[in-house]
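Asks: Structure file protein05.txt, compact mmCIF, C-alpha atoms, is pasted below:
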# COMPACT_ATOMS: atom_id res chain seq x y z
CA ALA Y 153 -18.66 -10.95 -31.46
CA ASP Y 154 -21.94 -11.86 -29.79
CA ARG Y 155 -22.31 -14.96 -31.96
CA MET Y 156 -18.77 -16.03 -31.05
CA TYR Y 157 -19.63 -15.64 -27.37
CA GLU Y 158 -22.70 -17.85 -27.77
CA VAL Y 159 -20.47 -20.62 -29.10
CA ALA Y 160 -17.40 -20.04 -26.89
CA PRO Y 161 -18.00 -17.83 -23.82
CA HIS Y 162 -14.98 -15.81 -22.69
CA VAL Y 163 -13.04 -16.63 -25.86
CA VAL Y 164 -11.49 -13.16 -26.10
CA GLU Y 165 -10.58 -12.97 -22.42
CA ASP Y 166 -9.07 -16.47 -22.54
CA TRP Y 167 -7.10 -15.58 -25.66
CA ILE Y 168 -5.65 -12.42 -24.13
CA ASN Y 169 -4.90 -14.07 -20.78
CA TYR Y 170 -3.17 -17.01 -22.48
CA HIS Y 171 -0.94 -14.69 -24.48
CA LEU Y 172 -0.16 -12.61 -21.39
CA LEU Y 173 1.00 -15.84 -19.74
CA VAL Y 174 3.39 -16.63 -22.58
CA GLY Y 175 4.89 -13.15 -22.49
CA ILE Y 176 2.92 -10.87 -24.81
CA GLU Y 177 2.76 -7.47 -23.12
CA HIS Y 178 0.35 -5.48 -25.29
CA PHE Y 179 -2.30 -6.08 -27.94
CA THR Y 180 -3.48 -3.84 -30.75
CA ILE Y 181 -6.87 -4.98 -32.01
CA PHE Y 182 -8.59 -3.71 -35.15
CA ASP Y 183 -12.34 -4.41 -35.21
CA ILE Y 184 -14.59 -4.09 -38.24
CA ASP Y 185 -17.89 -3.35 -36.52
CA GLY Y 186 -16.99 -2.42 -32.93
CA SER Y 187 -18.68 -5.50 -31.52
CA TYR Y 188 -15.73 -6.60 -29.36
CA GLU Y 189 -15.63 -3.45 -27.25
CA PRO Y 190 -17.61 -4.78 -24.25
CA TYR Y 191 -15.36 -7.86 -24.09
CA LEU Y 192 -12.14 -5.87 -24.40
CA GLN Y 193 -13.06 -2.99 -22.07
CA PRO Y 194 -11.38 -4.40 -18.91
CA PHE Y 195 -8.14 -4.89 -20.85
CA ILE Y 196 -8.37 -1.43 -22.42
CA GLU Y 197 -8.77 0.11 -18.96
CA LYS Y 198 -5.66 -1.77 -17.73
CA GLY Y 199 -3.67 -0.48 -20.70
CA VAL Y 200 -3.08 -3.97 -22.09
CA VAL Y 201 -5.13 -3.41 -25.27
CA THR Y 202 -5.17 -0.63 -27.82
CA TYR Y 203 -8.52 -0.97 -29.57
CA HIS Y 204 -9.58 0.40 -32.95
CA PRO Y 205 -13.36 -0.09 -33.24
CA ARG Y 206 -15.09 0.26 -36.63
CA TYR Y 207 -11.68 0.65 -38.23
CA PRO Y 208 -12.77 0.58 -41.89
CA ALA Y 209 -15.37 3.32 -41.31
CA ARG Y 210 -12.66 5.50 -39.73
CA ILE Y 211 -10.72 5.31 -42.98
CA SER Y 212 -13.77 5.95 -45.17
CA PRO Y 213 -17.56 5.69 -44.68
CA LYS Y 214 -17.75 3.74 -47.93
CA LEU Y 215 -15.22 1.18 -46.67
CA GLY Y 216 -17.27 0.91 -43.48
CA LEU Y 217 -20.30 -0.03 -45.54
CA LEU Y 218 -18.41 -2.53 -47.66
CA THR Y 219 -16.85 -4.31 -44.69
CA ALA Y 220 -19.70 -4.49 -42.20
CA GLY Y 221 -22.54 -2.12 -42.96
CA LEU Y 222 -24.34 -3.76 -45.85
CA ALA Y 223 -27.70 -5.37 -45.08
CA ASP Y 224 -26.72 -8.66 -46.74
CA PRO Y 225 -23.85 -10.30 -44.77
CA GLN Y 226 -22.94 -12.27 -47.91
CA GLN Y 227 -21.77 -9.00 -49.46
CA HIS Y 228 -19.48 -7.99 -46.58
CA ARG Y 229 -15.83 -7.70 -47.55
CA SER Y 230 -14.27 -7.96 -44.10
CA MET Y 231 -10.71 -8.52 -45.34
CA LEU Y 232 -10.79 -5.43 -47.56
CA VAL Y 233 -8.77 -3.22 -45.21
CA GLU Y 234 -6.52 -5.86 -43.66
CA PRO Y 235 -3.34 -4.64 -45.44
CA HIS Y 236 -4.08 -1.09 -44.27
CA ALA Y 237 -4.65 -2.27 -40.69
CA LEU Y 238 -1.35 -4.18 -40.74
CA ASP Y 239 0.50 -1.09 -41.98
CA ALA Y 240 -1.20 1.08 -39.35
CA CYS Y 241 -0.26 -1.40 -36.63
CA VAL Y 242 3.40 -1.46 -37.64
CA TRP Y 243 3.53 2.36 -37.81
CA GLU Y 244 1.73 2.72 -34.49
CA ASN Y 245 4.23 0.40 -32.81
CA ARG Y 246 7.48 1.48 -34.47
CA GLN Y 247 10.12 2.58 -31.96
CA VAL Y 248 7.70 1.43 -29.24
CA SER Y 249 7.69 -2.35 -29.59
CA GLU Y 250 10.60 -4.71 -30.01
CA TRP Y 251 8.39 -7.23 -31.84
CA VAL Y 252 5.07 -7.03 -33.67
CA LEU Y 253 3.17 -10.25 -34.28
CA VAL Y 254 0.07 -10.70 -36.42
CA LEU Y 255 -2.63 -13.14 -35.32
CA HIS Y 256 -5.68 -12.84 -37.52
CA SER Y 257 -8.36 -14.10 -35.17
CA PHE Y 258 -9.12 -15.26 -31.66
CA GLU Y 259 -8.83 -18.83 -32.96
CA GLU Y 260 -5.08 -18.47 -33.49
CA TYR Y 261 -2.68 -18.98 -30.61
CA LEU Y 262 1.02 -18.29 -30.36
CA HIS Y 263 2.94 -21.40 -29.32
CA SER Y 264 6.59 -21.93 -28.54
CA HIS Y 265 7.99 -25.43 -28.28
CA LEU Y 266 10.88 -23.96 -26.25
CA LEU Y 267 8.47 -22.44 -23.74
CA ALA Y 268 6.53 -25.69 -23.46
CA LYS Y 269 9.78 -27.65 -23.06
CA GLY Y 270 10.98 -25.29 -20.33
CA TRP Y 271 7.75 -25.74 -18.41
CA GLY Y 272 7.70 -29.48 -18.99
CA GLY Y 273 4.66 -29.04 -21.22
CA PHE Y 274 1.93 -26.47 -21.05
CA ASN Y 275 -1.56 -27.45 -20.04
CA ALA Y 276 -3.93 -24.58 -19.30
CA ARG Y 277 -6.05 -26.89 -17.12
CA ASN Y 278 -3.25 -26.94 -14.55
CA LEU Y 279 -3.30 -23.15 -14.04
Show the structure stored in the file as structure tokens.

Replies:
Amino acid sequence: ADRMYEVAPHVVEDWINYHLLVGIEHFTIFDIDGSYEPYLQPFIEKGVVTYHPRYPARISPKLGLLTAGLADPQQHRSMLVEPHALDACVWENRQVSEWVLVLHSFEEYLHSHLLAKGWGGFNARNL
């Protein structure tokens, strides 16, 4: 997360705030190494984010090592537990959420052409 913030400061906050503007009410975020916690903390405290830090290690210490704990980053298998995280997210939100949407990273944004048309276009610079 720190490297991402060097390149794009406030990327997580901007991503969450954008999606709040378009109608997303709650976020469930699974983190491999717990590095996003300081950036998510204000949203966690407001109840907007449910955060699962070091998720692979919570399943199994060995999975924690394989996904983020090995000394050589080339050997990390960060996508190893993605199917499990998706299943856990659906189970956690069943009978709680009307919709569950998967966005894999903070580089992906939800967009609706109907929403943009209704607003006459959406330009974040005008906010």

Asks: Point out the residue among Y:Val252, Y:Val174, Y:Ala209, Y:Cys241 with the least atom-to-atom distance to Y:His265, counting only C-alpha atoms.

Replies: Y:Val174

Asks: Skip Y:Val200 itself and residues of its chain fewer than 3 positions away, then list as a ChimeraX atom specification all residues within 8 Å of it, counting only C-alpha atoms.

Replies: /Y:177-179,195-197

Asks: At what distance in Å, to one decimal, does atom CA of Y:Pro208 lie from atom CA of Y:Val163?

Replies: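 Answer for the atom CA of Y:Val163 to atom CA of Y:Pro208 separation: 23.5 Å.
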
Asks: Please report the interatomic distance between atom CA of Y:Leu192 and atom CA of Y:Lys214 in Å with one decimal.

Replies: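 So the answer is 26.0 Å.
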
Asks: How many Å separate atom CA of Y:Gly199 from atom CA of Y:Val159?

Replies: 27.5 Å

Asks: Assuming 5 Å of padding per side, give the centre and edge lengths of the axis-aligned box around every listed atom of stretch 167-177 of chain Y, in Å to one decimal and as lines of an AutoDock Vina configuration file.

Replies:
center_x = -1.1
center_y = -12.2
center_z = -22.7
size_x = 22.0
size_y = 19.5
size_z = 15.9

Asks: Point out the residue among Y:Phe182, Y:Tyr188, Y:His171, Y:Val254 with the least atom-to-atom distance to Y:Ala237, counting all atoms listed in the file.

Replies: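 Between Y:Phe182, Y:Tyr188, Y:His171, Y:Val254, the residue approaching Y:Ala237 most closely is Y:Phe182.
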
Asks: With distances taken over all atoms listed in the file, which residue among Y:Ile211, Y:Ala240, Y:Met156, Y:Ile176 lies nearest Y:Tyr191?

Replies: Y:Met156

Asks: Taking into account all atoms listed in the file, which residue in the set Y:Leu253, Y:Leu262, Y:Val242, Y:Leu215 is nearest to Y:Asp185?

Replies: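 The closest residue to Y:Asp185 is Y:Leu215.
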
Asks: So which one's closest to Y:Pro190, Y:Tyr157, Y:Pro213, Y:Gly175, Y:Tyr170? Using all atoms listed in the file, please.

Replies: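 Going through Y:Tyr157, Y:Pro213, Y:Gly175, Y:Tyr170 one by one, the smallest distance to Y:Pro190 is for Y:Tyr157.
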
Asks: My list of candidates is Y:Val233, Y:Gln247, Y:Tyr261, Y:Ser212. Which is closest to Y:Asp166 when distances are computed with all atoms listed in the file?

Replies: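 Selected residue with least distance to Y:Asp166: Y:Tyr261.
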